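K.L.:
The following block contains the structure, expressed as structure tokens.
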Amino acid sequence: MMKRTLGIILTSTLLLGGALAGCSSKDESSGKDANGKTTITLWGMGAEGKLLPEIVKDFEKGNPDIHVEVQALPWDNAHDKLLTAVASKSGPDVVQLGTSWVPELASAGALTDITPYISKYPELESKNFFPGAVDTTKFEGKPVGVPWYTETKILFYRSDLLKQAGYNEAPKTWEELSDAAQKLAARGKGKYGIAINAKEQSLGFMFALQNGSKLIDEQGNPLFNQPPFVEAVKYLNTFFQNGSNALDLGIDSVQGLQGDGIVPMFISGPFMIREIKSKAPELDGKWNVAELPGKVNNLSVLGGSNLSIMQFSKHPEESAKFLAFMSKPETQLKWMELSSTLPAATKSWDDAKLKSDPMLQTIRKQLDHSASLPQLAAWEEVSQQFIKSFERIYRGQADVQKEMDDFNQQAASIMKK
């Protein structure tokens with residue numbers, strides 16, 4: 001989705017500003033309509049964009065002088081449309097951003113530093129959110145947004161099959177995860193232990209973090225060929241080489257859990273809880289979730305979405321008020337009910353419904369042990385390059401150290417662009 005660089009998009013779309021005038025927050029008038037209302041525009045992505053009007057109604061009730069106009073964008077073209085808006089200095093007042101998009105937009109000067117609004121709207125203070133989520137909203141030390149909803153990766157597993165393999169609870173260490181996966185794969189032909197998605201951009205870096213890798217040093221140099229990172233890649237590769245990982249199987253995660261459990265374990269986000277419950281109700285009581293197994297630590301990686309104010313907004317004050325509303329614990333709880341996404345505000349997790357759900361509490365614990373990946377504009381390209389490098393390892397049997405030496409050199413070049 002983010003294959004084209006911002007520079008290319010900028011030069012190719014400067015002439016399209018007029019086409020986006022209808023979506024622009026620029027207004028030559030006072031910005032108020034005949035009824036004295038100020039309209040701010042909000043771009044929401046995917047399913048969230050379609051649900052946002054429901055929560056917007058509550059904001060407008062409490063702020064009758066502000067109207068929020070929501071535009072829902074499909075995820076698959078939202079990124080390019082955002083870059084087009086940046087090029088023409090137009091676009092919405094408030095925008096939903098995937099956490100990995102923030103550095104790119106911020107480096108282009110498209111996002112507003114919200115520091116001046118924090119004293120007026122304490123809901124925007126960093127202390128209200130999970131630290132890892134806050135990290136995804138910062139660029140060069142400045143907050144250019146607030147966490148909206150969050151997610152993190154956890155372990156899903158068939159508890160009944162793990163028990164048969166000798167595990168009364170989920171694996172807690174790398175060694176146990178490897179052992180459990182091999183024992184589950186040894187059940188017979190066509191059976192596997194775990195699904196490792198080699199196309200998942202964050203997975204390799206997540207395992208490296210668990211092994212104590214810093215990924216990037218203080219000078220901004222990549223550390224992908226250093227022992228902690230290389231050891232993590234070697235460990236990840238063992239699942240491919242010993243047959244415990246299901247490669248190119250052609251079934252989804254829910255199907256892997258069903259029946260006799262072709263693939264009884266996988267790593268994914270909290271949204272899979274709803275998927276399993278709705279698609280495989282017959283597995284009730286036979287599966288569970290757990291915090292990730294670890295080595296030096298058991299860090300997971302944070303995902304989710306943030307809300308930012310575009311630099312070109314004519315209504316930053318009203319936009320900041322909207323961000324503050326969306327950051328209230330009670331608003332985040334209502335949004336969770338609407339969208340099944342998880343609150344980024346820590347106080348929301350004191351809600352009785354969340355505290356009484358064992359699976360949600362597991363996620364809550366993992367959120368305390370989750371980190372954001374480096375907030376660099378070039379990170380998307382670096383991640384894609386890792387996927388290519390790792391494929392040469394698990395498919396082509398390439399030497400891990402040599403491949404990581406090459407990847408480190410390529411990453412350093414990408415990051416210097």
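Residue numbering restarts at 1 for every chain of the structure tokens, chains are lettered A, B, ... in their displayed order, and ligands are numbered from 1 as they appear.
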Quick one: everything within 12 Å of Leu307 in chain A, counting only C-alpha atoms, minus sequence neighbours fewer than 3 positions away in the same chain. Send it as a PyMOL selection string.
P.N.:
chain A and resi 42-45+92-99+101-102+111-112+114+124+133-134+136-138+143-150+304+310+319-320+322-327+344
K.L.:
For Ala290 in chain A, work out the shell of residues within 10 Å, counting only C-alpha atoms and skipping chain neighbours fewer than 3 positions away, then give it as number ranges by chain.
P.N.:
A: 153-157, 169-172, 267, 293, 358-359, 361-363, 365-366
K.L.:
Which residue, A:Glu317, A:Asp65, A:Gly109, A:Gly212, has the smallest gap to Lys32 in chain A when you use only C-alpha atoms?
P.N.:
A:Asp65
K.L.:
Residues of range 51-284 of chain A classed as alpha helix (DSSP H) by DSSP on the backbone are to be reported as a ChimeraX atom specification.
P.N.:
/A:51-62,75-87,102-107,115-118,131-135,159-164,174-185,203-210,227-241,253-257,271-279
K.L.:
Using only C-alpha atoms, can you tell me which of A:Asp160, A:Phe207, A:Leu51, A:Ser126 comes closest to Ser340 in chain A?
P.N.:
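Using only C-alpha atoms, the shortest distance to Ser340 in chain A belongs to A:Leu51.
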K.L.:
Where does DSSP see strand (DSSP E or B) in range 309-412 of chain A, if you list the residues as an MDAnalysis selection string?
P.N.:
chainID A and resid 309:310 342:343 345 370:371
K.L.:
Residues as selected, C-alpha atoms, written as a PDB file, in the first residue's frame, can you do that?
P.N.:
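What landed in again.pdb:
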ATOM      1  CA  ILE A 309      -4.746  17.071  12.788  1.00  0.00           C
ATOM      2  CA  MET A 310      -3.572  17.945   9.304  1.00  0.00           C
ATOM      3  CA  LEU A 342      -9.512  -2.020  21.845  1.00  0.00           C
ATOM      4  CA  PRO A 343      -9.101   1.226  23.827  1.00  0.00           C
ATOM      5  CA  ALA A 345      -6.664   4.946  26.957  1.00  0.00           C
ATOM      6  CA  SER A 370       4.437  -4.149  23.722  1.00  0.00           C
ATOM      7  CA  ALA A 371       6.566  -1.724  21.776  1.00  0.00           C
TER       8      ALA A 371
END
K.L.:
Using CA of Lys295 in chain A and CA of His369 in chain A as the two end points, give the distance in Å to one decimal.
P.N.:
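Separation between CA of Lys295 in chain A and CA of His369 in chain A: 12.9 Å.
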K.L.:
Mind giving me the straight-line distance from CA of Val296 in chain A to CA of Lys199 in chain A in Å, one decimal?
P.N.:
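Between these atoms lies a distance of 24.5 Å.
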K.L.:
Near Leu333 in chain A, counting only C-alpha atoms, which residues have an atom at most 8 Å away, once you skip same-chain residues fewer than 3 positions from it, shown as a JSON list (two decimals) with N, CA and C atoms, in the first residue's frame?
P.N.:
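Saved the output as out06.json:
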[["chain", "number", "residue", "atom", "x", "y", "z"],
["A", 329, "PRO", "N", -12.00, 8.11, 28.15],
["A", 329, "PRO", "CA", -12.21, 6.68, 28.39],
["A", 329, "PRO", "C", -13.61, 6.20, 28.04],
["A", 330, "GLU", "N", -14.63, 7.01, 28.37],
["A", 330, "GLU", "CA", -16.00, 6.59, 28.08],
["A", 330, "GLU", "C", -16.27, 6.57, 26.58],
["A", 336, "MET", "N", -15.36, 0.89, 21.31],
["A", 336, "MET", "CA", -15.08, -0.55, 21.36],
["A", 336, "MET", "C", -16.36, -1.33, 21.11],
["A", 337, "GLU", "N", -17.48, -0.87, 21.68],
["A", 337, "GLU", "CA", -18.76, -1.56, 21.48],
["A", 337, "GLU", "C", -19.19, -1.50, 20.02],
["A", 343, "PRO", "N", -9.45, -0.14, 23.41],
["A", 343, "PRO", "CA", -9.10, 1.23, 23.83],
["A", 343, "PRO", "C", -7.60, 1.42, 23.99],
["A", 348, "SER", "N", -9.77, 3.19, 30.39],
["A", 348, "SER", "CA", -10.89, 2.44, 29.83],
["A", 348, "SER", "C", -10.86, 0.99, 30.29]]
K.L.:
Output as a tab-separated table one row per residue of range 202-301 of chain A within 8 Å of range 393-402 of chain A: the closest atom pair and its distance in Å to one decimal place, counting only C-alpha atoms, sorted by chain and residue number ascending.
P.N.:
residue	atom	partner	partner_atom	distance
A:Asn225	CA	A:Gln401	CA	6.7
A:Val230	CA	A:Gln401	CA	6.4
A:Val233	CA	A:Val400	CA	7.3
A:Lys234	CA	A:Val400	CA	6.7
A:Asn237	CA	A:Tyr394	CA	6.0
A:Phe240	CA	A:Tyr394	CA	6.3
A:Gln241	CA	A:Tyr394	CA	7.2
K.L.:
Keeping only all heavy atoms, write those residues as a PDB file, in the first residue's frame.
P.N.:
ATOM      1  N   ASN A 225      22.431  -6.958  11.421  1.00  0.00           N
ATOM      2  CA  ASN A 225      23.419  -8.035  11.246  1.00  0.00           C
ATOM      3  C   ASN A 225      24.179  -8.324  12.536  1.00  0.00           C
ATOM      4  O   ASN A 225      25.183  -9.038  12.528  1.00  0.00           O
ATOM      5  CB  ASN A 225      24.397  -7.699  10.121  1.00  0.00           C
ATOM      6  CG  ASN A 225      25.243  -6.467  10.425  1.00  0.00           C
ATOM      7  OD1 ASN A 225      24.921  -5.698  11.334  1.00  0.00           O
ATOM      8  ND2 ASN A 225      26.316  -6.289   9.684  1.00  0.00           N
ATOM      9  N   VAL A 230      20.394 -11.503  14.400  1.00  0.00           N
ATOM     10  CA  VAL A 230      20.689 -12.705  13.616  1.00  0.00           C
ATOM     11  C   VAL A 230      20.197 -13.956  14.340  1.00  0.00           C
ATOM     12  O   VAL A 230      19.622 -14.862  13.725  1.00  0.00           O
ATOM     13  CB  VAL A 230      22.201 -12.800  13.324  1.00  0.00           C
ATOM     14  CG1 VAL A 230      22.543 -14.128  12.648  1.00  0.00           C
ATOM     15  CG2 VAL A 230      22.645 -11.630  12.448  1.00  0.00           C
ATOM     16  N   VAL A 233      16.480 -14.338  13.868  1.00  0.00           N
ATOM     17  CA  VAL A 233      16.129 -14.821  12.527  1.00  0.00           C
ATOM     18  C   VAL A 233      16.398 -16.316  12.424  1.00  0.00           C
ATOM     19  O   VAL A 233      15.609 -17.067  11.842  1.00  0.00           O
ATOM     20  CB  VAL A 233      16.908 -14.044  11.449  1.00  0.00           C
ATOM     21  CG1 VAL A 233      16.634 -14.625  10.064  1.00  0.00           C
ATOM     22  CG2 VAL A 233      16.520 -12.568  11.474  1.00  0.00           C
ATOM     23  N   LYS A 234      17.507 -16.767  12.987  1.00  0.00           N
ATOM     24  CA  LYS A 234      17.820 -18.199  12.981  1.00  0.00           C
ATOM     25  C   LYS A 234      16.749 -18.986  13.738  1.00  0.00           C
ATOM     26  O   LYS A 234      16.325 -20.059  13.289  1.00  0.00           O
ATOM     27  CB  LYS A 234      19.197 -18.439  13.618  1.00  0.00           C
ATOM     28  CG  LYS A 234      20.368 -17.995  12.744  1.00  0.00           C
ATOM     29  CD  LYS A 234      21.700 -18.276  13.442  1.00  0.00           C
ATOM     30  CE  LYS A 234      22.876 -17.898  12.544  1.00  0.00           C
ATOM     31  NZ  LYS A 234      24.186 -18.125  13.222  1.00  0.00           N
ATOM     32  N   ASN A 237      13.622 -19.192  11.718  1.00  0.00           N
ATOM     33  CA  ASN A 237      13.808 -20.094  10.582  1.00  0.00           C
ATOM     34  C   ASN A 237      13.687 -21.562  10.982  1.00  0.00           C
ATOM     35  O   ASN A 237      13.343 -22.409  10.151  1.00  0.00           O
ATOM     36  CB  ASN A 237      15.177 -19.843   9.937  1.00  0.00           C
ATOM     37  CG  ASN A 237      15.349 -20.583   8.634  1.00  0.00           C
ATOM     38  OD1 ASN A 237      14.428 -20.674   7.820  1.00  0.00           O
ATOM     39  ND2 ASN A 237      16.537 -21.127   8.416  1.00  0.00           N
ATOM     40  N   PHE A 240      10.475 -23.257  10.103  1.00  0.00           N
ATOM     41  CA  PHE A 240      10.345 -23.602   8.693  1.00  0.00           C
ATOM     42  C   PHE A 240      11.156 -24.858   8.365  1.00  0.00           C
ATOM     43  O   PHE A 240      10.719 -25.711   7.596  1.00  0.00           O
ATOM     44  CB  PHE A 240      10.832 -22.443   7.821  1.00  0.00           C
ATOM     45  CG  PHE A 240       9.950 -21.221   7.892  1.00  0.00           C
ATOM     46  CD1 PHE A 240      10.059 -20.338   8.953  1.00  0.00           C
ATOM     47  CD2 PHE A 240       9.021 -20.960   6.897  1.00  0.00           C
ATOM     48  CE1 PHE A 240       9.256 -19.205   9.021  1.00  0.00           C
ATOM     49  CE2 PHE A 240       8.212 -19.837   6.957  1.00  0.00           C
ATOM     50  CZ  PHE A 240       8.328 -18.963   8.021  1.00  0.00           C
ATOM     51  N   GLN A 241      12.330 -24.968   8.966  1.00  0.00           N
ATOM     52  CA  GLN A 241      13.230 -26.057   8.610  1.00  0.00           C
ATOM     53  C   GLN A 241      12.866 -27.383   9.263  1.00  0.00           C
ATOM     54  O   GLN A 241      13.143 -28.453   8.701  1.00  0.00           O
ATOM     55  CB  GLN A 241      14.678 -25.676   8.967  1.00  0.00           C
ATOM     56  CG  GLN A 241      15.165 -24.391   8.295  1.00  0.00           C
ATOM     57  CD  GLN A 241      14.929 -24.374   6.793  1.00  0.00           C
ATOM     58  OE1 GLN A 241      15.230 -25.347   6.098  1.00  0.00           O
ATOM     59  NE2 GLN A 241      14.359 -23.286   6.285  1.00  0.00           N
TER      60      GLN A 241
END
K.L.:
Using only C-alpha atoms, determine which residues lie at most 9 Å from Arg158 in chain A, disregarding the query and same-chain residues fewer than 4 positions distant; provide the list as a PyMOL selection string.
P.N.:
chain A and resi 162-163+257+261+263-265+283+286-289
